[in-house]
There are 2 protein chains.
Amino acid sequence: MLGSGNRVCSTSCSSPVFVIILDLLPAKNGEEATIQFLLELVDILTNYIRKTFDRSTKVLDFHHPHQLLEGMEGFNLELSDQPESLEQILVDCRDTLKYGVRTGHPRFFNQLSTGLDIIGLAGEWLTSTANTNMFTYEIAPVFVLMEQLTLKKMREMIGWPSGEGDGIFSPGGAISNMYSVMIARYKYFPDVKTKGMSAAPRLVLFTSEHSHYSIKKAGAALGFGSENVVLLSTDERGRVIPSDLEAKILDVKQKGYHPLFVNATAGSTVYGAFDPINEIADICEKYNMWLHVDGAWGGGLLMSRKHRHKFSGVERANSVTWNPHKMMGVPLQCSAILVREKGILSGCNSMCAGYLFQPDKQYDVSFDTGDKAIQCGRHVDIFKFWLMWKAKGTIGFEQHIDRCLDLSQYLYEKIRNREGYEMVFQGVPQHTNVCFWYIPPSLRGMDPNSQEYREKLHKVAPKIKALMMESGTTMVGYQPQGQKVNFFRMVISNPAALQSDIDFLIDEIERLGHGL
Amino acid sequence: MLGSGNRVCSTSCSSPVFVIILDLLPAKNGEEATIQFLLELVDILTNYIRKTFDRSTKVLDFHHPHQLLEGMEGFNLELSDQPESLEQILVDCRDTLKYGVRTGHPRFFNQLSTGLDIIGLAGEWLTSTANTNMFTYEIAPVFVLMEQLTLKKMREMIGWPSGEGDGIFSPGGAISNMYSVMIARYKYFPDVKTKGMSAAPRLVLFTSEHSHYSIKKAGAALGFGSENVVLLSTDERGRVIPSDLEAKILDVKQKGYHPLFVNATAGSTVYGAFDPINEIADICEKYNMWLHVDGAWGGGLLMSRKHRHKFSGVERANSVTWNPHKMMGVPLQCSAILVREKGILSGCNSMCAGYLFQPDKQYDVSFDTGDKAIQCGRHVDIFKFWLMWKAKGTIGFEQHIDRCLDLSQYLYEKIRNREGYEMVFQGVPQHTNVCFWYIPPSLRGMDPNSQEYREKLHKVAPKIKALMMESGTTMVGYQPQGQKVNFFRMVISNPAALQSDIDFLIDEIERLGHGL
């Protein structure tokens, strides 16, 4: 099928080696060609890694969708009936990286998940080589146990007695938050599992207006309806006002509806705000409601003796979302939903599929945890995290967290009184989120309350961001929030970032925004 | 923090190289240590790959949970406050593989997902090196476009005009099926998104008694209630009986409930049965219901000119689940939900989070597909699949599918009249599933209808399976189904499997089961 033109010339040995796709394993005698091909790939990947950490490399080489779709020289995204040569496959790999974004670059600040941890990466390479599935001990004995032990450690850090409870790794924080809503419903209205929402009164969920949109998505998906997700008012720092929660609970009760669930955010997406968990827990106890803490972003702070006080009261929560793939630098995806009550996850989700969860296996089948999940097959997300924990120790994570928070305070101190900057909220940030407006000189004399000023300022961050991406030097996020026009949200979770990178970002904003 | 004892001795160069964890990137001058460490790891991984394809290697080295938890020599699963040496990390990697299961081994037949595709593996290694997120074009430009083009190709294969429609890759078939139920509900009762299930009458879902349990899980999770998932009777081959569907729809209507959704399975989990899609589509049209086709397992057959007739009528479906990670050998996870109507996925799920999906970006934001998902962050599952498609071409997938089906027919022909075997259903299997009982000599004279025989036979498959796992030679699944006692379900999706491996399996079953 493949002609002699399909060649790979090795760069790591003196004479060229020729391989064609049908020569790879499982082909007979395919070992050499396979190893050769993988080493060629690893050469591409390690070069990419080297450059990712090199500040003279761009963060990205921006192209518009239509440009990539039309095809860059030698890089064609279209799929065909006929196979490509292995040589072309390696070129495709190189080009895929070339036109992508270096999320591990020391100056990539665009997302909550940044950085490229080498141990985590090694964990991912191993995970994909093992290529197995978390649903049974039978085919993932080591990974299933690693998950169990790691979840227990996380529960200990939350402060539940002896780390007891339950939990599972899920495909991201939104699904983890969805789990929390499902379990809360099952706890109070177990009949909904079999009879549907008509077996319960009208149920209402409460979450901050600053919280992640996944709570609303969960409300819509699970049959509550997004209108039954009540948004709570926040103070100027983006933290829930407990008295507003209580007032809204009473309002809902008065209407005859049932207040079921409160989500307290520990590290909000934009402001990095921590809701006052203890005060919210008091209210939840008073009204017999489920308390979930969404620590998808903030969770890592539980590992820092200096910062974990921001989670004060978390041990009173019924469930907690915690994404090691965010603040802790674990490669994507790695998110845990942790639950205080043992067995409830299984009670909520189990369907006892006979073909997977046979009760008559030779080992202790309580280790077959798949029936707790809303998934059937489940990707192995645990290994990279377990391996990083082994390599760093708890103290290694703690140092990383403390360093990132120090860096964000450095940024805050640097710009809070700097000409041309205005903070979106006052005071030292609770997390690494630093939110600010850059005011170009042309706007500095204007009345900040005028409509014209607001309209102009609203366009500044998107313009700077576009210029940033086109020059490829750095990336940082922006968004509006409520009545506030577009502002930058700087977040630091990248272990490669230094003070000089923060300085660079500020210089770059000024360079690109000065003339606007 | 780390003493001089933390060393890695390279095996691939003449003099030992010493590295400690703090020397890895992003450390200054960390390049050499990083590359060295990754190459050490790759050495472990390529050795593992080599052995995986070597039939003289065991499929697994079985240990009970308590044995692994107590700790094997040098392999301790517990996490600690202090870091481990890099040397130990590499040992941990080696041991993790050692005590795992070789799902790519030519004699691993235990799951629908088997095999280790080298190109797919390369794709995963690159994906984890890129470590990005599918939610926006901004940070995953190449992957987002690959997903779009690949979904279009898949829709073309389904037969929707010009490949139009919608879709998304999700974390597995269960979530893909859950999407289908959500979208069906949104199509007919859009108010449920905002107002909850009380905005709709009692909604009923229909699916085969042989279908995957995820439909029932979706019913429970989404607020329908599992009792409102009506199970359809099947013929002796496990295919839905259309008249039973119509009778049950009428019954539901008579009760005043609303029949919403039918799932037709294309390749059932145990029997590999294909429901008659055309006849089911007629009924769905008649009663104005959503037709979903769960082709999680069967989907690959759409790529085979010889076998795609089993999907006859699939172009009439409103949505289709198709898992390339099963029959097509793509590494886990890779599952698509495909939808005929454009825009409905977004209508159903969008919440318009301002911090991610800013409308004022400089590029065409219709490429920011994240708001269609129930997830926020989403793992890059597309690249490995795209790369395999490039490397094999459509015809390469076709050849793989045809080969696996030929192999399963070989097994079927081999055992259907063999002494000591009884088929669970008669006739050539529709998919690669071959379901059979092995009857040990001690049971062969007994009355097959007696309770004693049934009880004894029920224990045979689990016993053989346990012995198989303990000897580590091969793995195949078993389960009961309805009134049928435990039987083996053989499935073939492993590209490494040969006729001689099928022969081996049968010999092994007889060797282990003969004396029972």
# chains A, B, ... in the order shown; residues from 1 in each chain; ligands from 1
>>> residues_around(residues="Trp386 (chain A)", least_positions_apart="4", cutoff="9 Å", atoms="only C-alpha atoms", output="list in words")
Gly120, Gly123, Met146, Glu147, Thr150, Ile382, Lys390 and Ala391 of chain A; Leu77 and Leu79 of chain B
>>> select_by_dssp(residues="region 269-443 of chain A", states="alpha helix (DSSP H)", output="ChimeraX atom specification")
/A:277-286,344-349,382-415
>>> residues_around(residues="region 246-252 of chain B", least_positions_apart="2", cutoff="9 Å", atoms="only C-alpha atoms", output="list in words")
Val204, Phe206, Val230, Leu232, Pro242, Ser243, Asp244, Gln254, Lys255, Gly256, Tyr257, His258, Pro259, Ile280, Ile283 and Tyr287 of chain B
>>> write_last_selection(atoms="all heavy atoms", output="compact mmCIF listing (two decimals), in the first residue's frame")
# COMPACT_ATOMS: atom_id res chain seq x y z
N VAL B 204 -40.80 10.04 28.52
CA VAL B 204 -40.36 8.65 28.57
C VAL B 204 -39.32 8.37 27.47
O VAL B 204 -39.45 8.83 26.34
CB VAL B 204 -41.57 7.69 28.44
CG1 VAL B 204 -41.12 6.24 28.50
CG2 VAL B 204 -42.59 7.98 29.54
N PHE B 206 -36.99 5.27 25.50
CA PHE B 206 -37.08 3.86 25.16
C PHE B 206 -35.72 3.35 24.71
O PHE B 206 -35.05 3.99 23.90
CB PHE B 206 -38.11 3.64 24.03
CG PHE B 206 -39.50 4.05 24.41
CD1 PHE B 206 -39.90 5.39 24.32
CD2 PHE B 206 -40.42 3.12 24.88
CE1 PHE B 206 -41.18 5.78 24.69
CE2 PHE B 206 -41.70 3.50 25.25
CZ PHE B 206 -42.09 4.84 25.15
N VAL B 230 -37.97 3.02 29.47
CA VAL B 230 -38.68 1.76 29.20
C VAL B 230 -37.78 0.84 28.40
O VAL B 230 -37.22 1.24 27.37
CB VAL B 230 -39.99 2.04 28.44
CG1 VAL B 230 -40.64 0.74 27.97
CG2 VAL B 230 -40.95 2.83 29.33
N LEU B 232 -36.98 -2.27 26.00
CA LEU B 232 -37.65 -2.94 24.90
C LEU B 232 -37.21 -4.39 24.79
O LEU B 232 -36.03 -4.71 25.01
CB LEU B 232 -37.34 -2.22 23.59
CG LEU B 232 -37.67 -0.72 23.59
CD1 LEU B 232 -37.13 -0.04 22.34
CD2 LEU B 232 -39.18 -0.51 23.71
N PRO B 242 -39.33 -4.19 16.72
CA PRO B 242 -40.03 -2.91 16.48
C PRO B 242 -41.48 -2.90 16.97
O PRO B 242 -41.94 -1.90 17.52
CB PRO B 242 -39.94 -2.75 14.97
CG PRO B 242 -38.71 -3.51 14.57
CD PRO B 242 -38.67 -4.70 15.49
N SER B 243 -42.17 -4.01 16.82
CA SER B 243 -43.58 -4.00 17.25
C SER B 243 -43.67 -3.81 18.77
O SER B 243 -44.65 -3.24 19.27
CB SER B 243 -44.26 -5.30 16.82
OG SER B 243 -43.61 -6.40 17.41
N ASP B 244 -42.68 -4.31 19.48
CA ASP B 244 -42.68 -4.10 20.93
C ASP B 244 -42.49 -2.62 21.25
O ASP B 244 -43.12 -2.09 22.17
CB ASP B 244 -41.57 -4.93 21.57
CG ASP B 244 -41.61 -4.84 23.09
OD1 ASP B 244 -42.62 -5.30 23.67
OD2 ASP B 244 -40.67 -4.29 23.70
N GLN B 254 -51.13 6.15 26.31
CA GLN B 254 -52.42 5.92 26.94
C GLN B 254 -52.41 6.34 28.40
O GLN B 254 -53.42 6.80 28.93
CB GLN B 254 -52.76 4.43 26.83
CG GLN B 254 -54.25 4.17 26.96
CD GLN B 254 -54.59 2.74 26.57
OE1 GLN B 254 -53.72 1.86 26.57
NE2 GLN B 254 -55.84 2.50 26.21
N LYS B 255 -51.25 6.20 29.02
CA LYS B 255 -51.13 6.64 30.42
C LYS B 255 -51.03 8.15 30.54
O LYS B 255 -50.94 8.70 31.64
CB LYS B 255 -49.88 6.00 31.05
CG LYS B 255 -50.04 4.50 31.33
CD LYS B 255 -48.74 3.93 31.88
CE LYS B 255 -48.88 2.45 32.20
NZ LYS B 255 -47.58 1.75 32.04
N GLY B 256 -50.94 8.80 29.40
CA GLY B 256 -50.86 10.26 29.43
C GLY B 256 -49.45 10.81 29.50
O GLY B 256 -49.23 12.00 29.70
N TYR B 257 -48.47 9.93 29.33
CA TYR B 257 -47.09 10.39 29.36
C TYR B 257 -46.64 10.71 27.93
O TYR B 257 -47.32 10.38 26.97
CB TYR B 257 -46.16 9.34 29.96
CG TYR B 257 -46.64 8.75 31.26
CD1 TYR B 257 -46.30 7.45 31.62
CD2 TYR B 257 -47.45 9.48 32.13
CE1 TYR B 257 -46.74 6.89 32.82
CE2 TYR B 257 -47.90 8.93 33.33
CZ TYR B 257 -47.55 7.63 33.66
OH TYR B 257 -47.99 7.09 34.83
N HIS B 258 -45.46 11.31 27.85
CA HIS B 258 -44.98 11.75 26.54
C HIS B 258 -43.77 10.92 26.08
O HIS B 258 -42.69 11.05 26.65
CB HIS B 258 -44.61 13.23 26.59
CG HIS B 258 -44.25 13.77 25.25
ND1 HIS B 258 -45.15 14.44 24.45
CD2 HIS B 258 -43.10 13.71 24.54
CE1 HIS B 258 -44.56 14.79 23.32
NE2 HIS B 258 -43.31 14.35 23.35
N PRO B 259 -43.94 10.11 25.03
CA PRO B 259 -42.78 9.36 24.51
C PRO B 259 -41.85 10.31 23.75
O PRO B 259 -42.26 10.93 22.77
CB PRO B 259 -43.41 8.33 23.58
CG PRO B 259 -44.76 8.84 23.24
CD PRO B 259 -45.17 9.85 24.27
N ILE B 280 -37.18 1.24 13.24
CA ILE B 280 -37.33 2.11 14.42
C ILE B 280 -37.53 3.56 13.98
O ILE B 280 -38.35 4.29 14.56
CB ILE B 280 -36.11 1.95 15.35
CG1 ILE B 280 -36.07 0.53 15.91
CG2 ILE B 280 -36.14 2.98 16.48
CD1 ILE B 280 -34.82 0.20 16.71
N ILE B 283 -41.08 4.32 13.10
CA ILE B 283 -41.91 4.52 14.29
C ILE B 283 -41.64 5.89 14.92
O ILE B 283 -42.57 6.60 15.32
CB ILE B 283 -41.67 3.37 15.30
CG1 ILE B 283 -42.11 2.04 14.67
CG2 ILE B 283 -42.42 3.63 16.61
CD1 ILE B 283 -41.72 0.81 15.45
N TYR B 287 -44.48 8.88 15.46
CA TYR B 287 -44.85 9.44 16.77
C TYR B 287 -44.06 10.70 17.12
O TYR B 287 -44.09 11.15 18.26
CB TYR B 287 -44.71 8.36 17.86
CG TYR B 287 -45.68 7.23 17.63
CD1 TYR B 287 -45.26 6.05 17.04
CD2 TYR B 287 -47.03 7.35 17.96
CE1 TYR B 287 -46.14 5.01 16.78
CE2 TYR B 287 -47.93 6.32 17.71
CZ TYR B 287 -47.48 5.16 17.12
OH TYR B 287 -48.37 4.15 16.87
>>> interface_residues(of="chain A", to="chain B", cutoff="6 Å", atoms="only C-alpha atoms", output="PyMOL selection string")
chain A and resi 26+79-84+101+125+139+174+192-197+220+222-227+354-355+362+375-376+390-395+466+479+496
>>> write_last_selection(atoms="N, CA and C atoms", output="mmCIF file, in the first residue's frame")
data_model
loop_
_atom_site.group_PDB
_atom_site.id
_atom_site.type_symbol
_atom_site.label_atom_id
_atom_site.label_comp_id
_atom_site.auth_asym_id
_atom_site.auth_seq_id
_atom_site.Cartn_x
_atom_site.Cartn_y
_atom_site.Cartn_z
ATOM 1 N N PRO A 26 1.842 -3.759 15.330
ATOM 2 C CA PRO A 26 2.140 -5.174 15.598
ATOM 3 C C PRO A 26 2.765 -5.950 14.439
ATOM 4 N N LEU A 79 -8.671 15.226 6.002
ATOM 5 C CA LEU A 79 -8.456 13.781 6.097
ATOM 6 C C LEU A 79 -8.742 13.132 4.755
ATOM 7 N N SER A 80 -8.076 12.033 4.501
ATOM 8 C CA SER A 80 -8.264 11.420 3.187
ATOM 9 C C SER A 80 -8.457 9.920 3.294
ATOM 10 N N ASP A 81 -8.861 9.316 2.182
ATOM 11 C CA ASP A 81 -9.044 7.868 2.158
ATOM 12 C C ASP A 81 -7.717 7.133 2.227
ATOM 13 N N GLN A 82 -6.699 7.759 1.643
ATOM 14 C CA GLN A 82 -5.408 7.097 1.520
ATOM 15 C C GLN A 82 -4.475 7.484 2.661
ATOM 16 N N PRO A 83 -3.608 6.573 3.032
ATOM 17 C CA PRO A 83 -2.662 6.868 4.128
ATOM 18 C C PRO A 83 -1.576 7.848 3.718
ATOM 19 N N GLU A 84 -1.034 8.496 4.713
ATOM 20 C CA GLU A 84 0.120 9.364 4.509
ATOM 21 C C GLU A 84 1.386 8.617 4.895
ATOM 22 N N VAL A 101 -0.462 26.836 20.725
ATOM 23 C CA VAL A 101 -0.130 27.832 21.752
ATOM 24 C C VAL A 101 0.707 27.142 22.828
ATOM 25 N N TRP A 125 2.622 10.530 29.578
ATOM 26 C CA TRP A 125 3.178 9.635 28.559
ATOM 27 C C TRP A 125 3.011 8.176 28.991
ATOM 28 N N ILE A 139 -8.750 -4.279 35.235
ATOM 29 C CA ILE A 139 -7.865 -3.829 34.160
ATOM 30 C C ILE A 139 -7.073 -2.566 34.522
ATOM 31 N N ALA A 174 -16.463 21.274 35.829
ATOM 32 C CA ALA A 174 -17.899 21.404 35.558
ATOM 33 C C ALA A 174 -18.615 20.100 35.872
ATOM 34 N N VAL A 192 -35.940 10.673 43.241
ATOM 35 C CA VAL A 192 -35.752 11.311 41.931
ATOM 36 C C VAL A 192 -34.965 10.397 41.000
ATOM 37 N N LYS A 193 -34.079 9.615 41.554
ATOM 38 C CA LYS A 193 -33.295 8.693 40.721
ATOM 39 C C LYS A 193 -34.216 7.783 39.899
ATOM 40 N N THR A 194 -35.217 7.277 40.521
ATOM 41 C CA THR A 194 -36.094 6.343 39.801
ATOM 42 C C THR A 194 -37.328 7.030 39.209
ATOM 43 N N LYS A 195 -37.855 8.028 39.911
ATOM 44 C CA LYS A 195 -39.142 8.604 39.476
ATOM 45 C C LYS A 195 -39.022 9.929 38.750
ATOM 46 N N GLY A 196 -37.837 10.524 38.794
ATOM 47 C CA GLY A 196 -37.671 11.808 38.113
ATOM 48 C C GLY A 196 -38.006 12.977 39.014
ATOM 49 N N MET A 197 -37.866 14.166 38.466
ATOM 50 C CA MET A 197 -38.017 15.388 39.255
ATOM 51 C C MET A 197 -39.411 15.572 39.825
ATOM 52 N N ALA A 220 -29.436 23.366 34.600
ATOM 53 C CA ALA A 220 -30.172 23.175 33.341
ATOM 54 C C ALA A 220 -30.158 21.709 32.922
ATOM 55 N N LEU A 222 -29.591 18.907 34.645
ATOM 56 C CA LEU A 222 -30.145 17.887 35.543
ATOM 57 C C LEU A 222 -31.644 18.028 35.753
ATOM 58 N N GLY A 223 -32.249 19.006 35.114
ATOM 59 C CA GLY A 223 -33.703 19.110 35.167
ATOM 60 C C GLY A 223 -34.248 20.051 36.227
ATOM 61 N N PHE A 224 -33.369 20.820 36.874
ATOM 62 C CA PHE A 224 -33.840 21.838 37.826
ATOM 63 C C PHE A 224 -34.343 23.070 37.079
ATOM 64 N N GLY A 225 -33.643 23.378 35.984
ATOM 65 C CA GLY A 225 -33.920 24.608 35.252
ATOM 66 C C GLY A 225 -33.033 25.736 35.746
ATOM 67 N N SER A 226 -32.455 26.478 34.799
ATOM 68 C CA SER A 226 -31.489 27.505 35.206
ATOM 69 C C SER A 226 -32.142 28.615 36.023
ATOM 70 N N GLU A 227 -33.452 28.800 35.869
ATOM 71 C CA GLU A 227 -34.138 29.831 36.681
ATOM 72 C C GLU A 227 -34.197 29.434 38.153
ATOM 73 N N GLY A 354 -24.206 -5.792 34.624
ATOM 74 C CA GLY A 354 -23.703 -7.140 34.832
ATOM 75 C C GLY A 354 -22.443 -7.460 34.057
ATOM 76 N N TYR A 355 -22.249 -6.818 32.911
ATOM 77 C CA TYR A 355 -21.117 -7.199 32.070
ATOM 78 C C TYR A 355 -19.800 -6.608 32.552
ATOM 79 N N GLN A 362 -12.840 -12.938 41.399
ATOM 80 C CA GLN A 362 -12.001 -13.585 42.428
ATOM 81 C C GLN A 362 -11.403 -12.595 43.416
ATOM 82 N N GLN A 375 -19.978 8.307 34.116
ATOM 83 C CA GLN A 375 -19.349 7.742 32.936
ATOM 84 C C GLN A 375 -19.368 6.226 33.035
ATOM 85 N N CYS A 376 -19.043 5.569 31.923
ATOM 86 C CA CYS A 376 -18.763 4.131 31.990
ATOM 87 C C CYS A 376 -17.246 4.030 31.914
ATOM 88 N N LYS A 390 4.418 12.298 44.458
ATOM 89 C CA LYS A 390 5.595 11.528 44.856
ATOM 90 C C LYS A 390 6.868 12.370 44.671
ATOM 91 N N ALA A 391 6.960 13.013 43.520
ATOM 92 C CA ALA A 391 8.209 13.695 43.168
ATOM 93 C C ALA A 391 8.415 14.983 43.952
ATOM 94 N N LYS A 392 7.326 15.679 44.250
ATOM 95 C CA LYS A 392 7.427 16.970 44.950
ATOM 96 C C LYS A 392 7.225 16.830 46.443
ATOM 97 N N GLY A 393 6.433 15.846 46.820
ATOM 98 C CA GLY A 393 5.964 15.796 48.190
ATOM 99 C C GLY A 393 4.939 16.894 48.413
ATOM 100 N N THR A 394 4.202 16.791 49.493
ATOM 101 C CA THR A 394 3.228 17.831 49.811
ATOM 102 C C THR A 394 3.930 19.190 49.898
ATOM 103 N N ILE A 395 5.135 19.176 50.441
ATOM 104 C CA ILE A 395 5.835 20.461 50.603
ATOM 105 C C ILE A 395 6.221 21.085 49.259
ATOM 106 N N ALA A 466 -5.540 41.523 21.296
ATOM 107 C CA ALA A 466 -5.377 41.159 19.886
ATOM 108 C C ALA A 466 -3.956 41.452 19.413
ATOM 109 N N GLN A 479 -12.107 40.221 30.434
ATOM 110 C CA GLN A 479 -13.557 40.030 30.364
ATOM 111 C C GLN A 479 -14.249 41.203 31.049
ATOM 112 N N ALA A 496 6.931 28.300 35.848
ATOM 113 C CA ALA A 496 8.072 28.881 35.133
ATOM 114 C C ALA A 496 8.117 30.401 35.245
#
>>> residues_around(residues="Ile158 (chain B)", least_positions_apart="3", cutoff="9 Å", atoms="only C-alpha atoms", output="list of chain:residue names")
B:Lys153, B:Met154, B:Arg155, B:Gly163, B:Leu302, B:Phe311, B:Val314, B:Glu315, B:Val320
>>> residues_around(residues="region 425-430 of chain B", least_positions_apart="5", cutoff="9 Å", atoms="only C-alpha atoms", output="count of residues only")
18
>>> select_by_dssp(residues="region 231-417 of chain A", states="strand (DSSP E or B)", output="ChimeraX atom specification")
/A:231-232,234,240,258-266,274,290-295,319-322,335-339
>>> decode(residues="region 367-374 of chain A", atoms="all heavy atoms", output="PDB file, in the first residue's frame")
ATOM      1  N   PHE A 367     -13.423  -2.750  45.068  1.00  0.00           N
ATOM      2  CA  PHE A 367     -12.453  -1.888  44.384  1.00  0.00           C
ATOM      3  C   PHE A 367     -12.874  -1.538  42.958  1.00  0.00           C
ATOM      4  O   PHE A 367     -12.212  -0.742  42.296  1.00  0.00           O
ATOM      5  CB  PHE A 367     -11.062  -2.532  44.411  1.00  0.00           C
ATOM      6  CG  PHE A 367     -10.434  -2.522  45.765  1.00  0.00           C
ATOM      7  CD1 PHE A 367     -10.630  -3.566  46.658  1.00  0.00           C
ATOM      8  CD2 PHE A 367      -9.673  -1.438  46.182  1.00  0.00           C
ATOM      9  CE1 PHE A 367     -10.068  -3.534  47.930  1.00  0.00           C
ATOM     10  CE2 PHE A 367      -9.106  -1.395  47.447  1.00  0.00           C
ATOM     11  CZ  PHE A 367      -9.310  -2.444  48.323  1.00  0.00           C
ATOM     12  N   ASP A 368     -13.956  -2.150  42.474  1.00  0.00           N
ATOM     13  CA  ASP A 368     -14.491  -1.773  41.158  1.00  0.00           C
ATOM     14  C   ASP A 368     -15.346  -0.529  41.336  1.00  0.00           C
ATOM     15  O   ASP A 368     -16.521  -0.607  41.704  1.00  0.00           O
ATOM     16  CB  ASP A 368     -15.341  -2.907  40.562  1.00  0.00           C
ATOM     17  CG  ASP A 368     -14.485  -4.033  40.022  1.00  0.00           C
ATOM     18  OD1 ASP A 368     -13.255  -3.878  39.982  1.00  0.00           O
ATOM     19  OD2 ASP A 368     -15.062  -5.066  39.652  1.00  0.00           O
ATOM     20  N   THR A 369     -14.774   0.611  41.076  1.00  0.00           N
ATOM     21  CA  THR A 369     -15.443   1.855  41.453  1.00  0.00           C
ATOM     22  C   THR A 369     -16.230   2.492  40.315  1.00  0.00           C
ATOM     23  O   THR A 369     -16.823   3.552  40.472  1.00  0.00           O
ATOM     24  CB  THR A 369     -14.394   2.868  41.950  1.00  0.00           C
ATOM     25  OG1 THR A 369     -13.379   2.949  40.952  1.00  0.00           O
ATOM     26  CG2 THR A 369     -13.789   2.416  43.246  1.00  0.00           C
ATOM     27  N   GLY A 370     -16.262   1.829  39.169  1.00  0.00           N
ATOM     28  CA  GLY A 370     -16.865   2.442  37.986  1.00  0.00           C
ATOM     29  C   GLY A 370     -18.329   2.782  38.119  1.00  0.00           C
ATOM     30  O   GLY A 370     -18.811   3.717  37.473  1.00  0.00           O
ATOM     31  N   ASP A 371     -19.054   2.033  38.942  1.00  0.00           N
ATOM     32  CA  ASP A 371     -20.498   2.256  38.994  1.00  0.00           C
ATOM     33  C   ASP A 371     -20.860   3.516  39.784  1.00  0.00           C
ATOM     34  O   ASP A 371     -22.008   3.959  39.768  1.00  0.00           O
ATOM     35  CB  ASP A 371     -21.184   1.019  39.585  1.00  0.00           C
ATOM     36  CG  ASP A 371     -22.577   0.809  38.999  1.00  0.00           C
ATOM     37  OD1 ASP A 371     -22.890   1.417  37.956  1.00  0.00           O
ATOM     38  OD2 ASP A 371     -23.368   0.048  39.601  1.00  0.00           O
ATOM     39  N   LYS A 372     -19.890   4.112  40.457  1.00  0.00           N
ATOM     40  CA  LYS A 372     -20.112   5.399  41.139  1.00  0.00           C
ATOM     41  C   LYS A 372     -20.191   6.547  40.148  1.00  0.00           C
ATOM     42  O   LYS A 372     -20.653   7.635  40.487  1.00  0.00           O
ATOM     43  CB  LYS A 372     -18.906   5.713  42.053  1.00  0.00           C
ATOM     44  CG  LYS A 372     -18.740   4.828  43.213  1.00  0.00           C
ATOM     45  CD  LYS A 372     -17.914   5.483  44.293  1.00  0.00           C
ATOM     46  CE  LYS A 372     -16.439   5.533  43.954  1.00  0.00           C
ATOM     47  NZ  LYS A 372     -15.604   5.632  45.187  1.00  0.00           N
ATOM     48  N   ALA A 373     -19.639   6.319  38.956  1.00  0.00           N
ATOM     49  CA  ALA A 373     -19.471   7.408  37.991  1.00  0.00           C
ATOM     50  C   ALA A 373     -20.704   7.582  37.121  1.00  0.00           C
ATOM     51  O   ALA A 373     -21.497   6.657  36.958  1.00  0.00           O
ATOM     52  CB  ALA A 373     -18.265   7.124  37.106  1.00  0.00           C
ATOM     53  N   ILE A 374     -20.850   8.772  36.543  1.00  0.00           N
ATOM     54  CA  ILE A 374     -21.870   8.912  35.499  1.00  0.00           C
ATOM     55  C   ILE A 374     -21.287   8.462  34.167  1.00  0.00           C
ATOM     56  O   ILE A 374     -22.002   8.262  33.204  1.00  0.00           O
ATOM     57  CB  ILE A 374     -22.406  10.359  35.365  1.00  0.00           C
ATOM     58  CG1 ILE A 374     -21.271  11.360  35.167  1.00  0.00           C
ATOM     59  CG2 ILE A 374     -23.238  10.745  36.564  1.00  0.00           C
ATOM     60  CD1 ILE A 374     -21.765  12.732  34.730  1.00  0.00           C
TER      61      ILE A 374
END
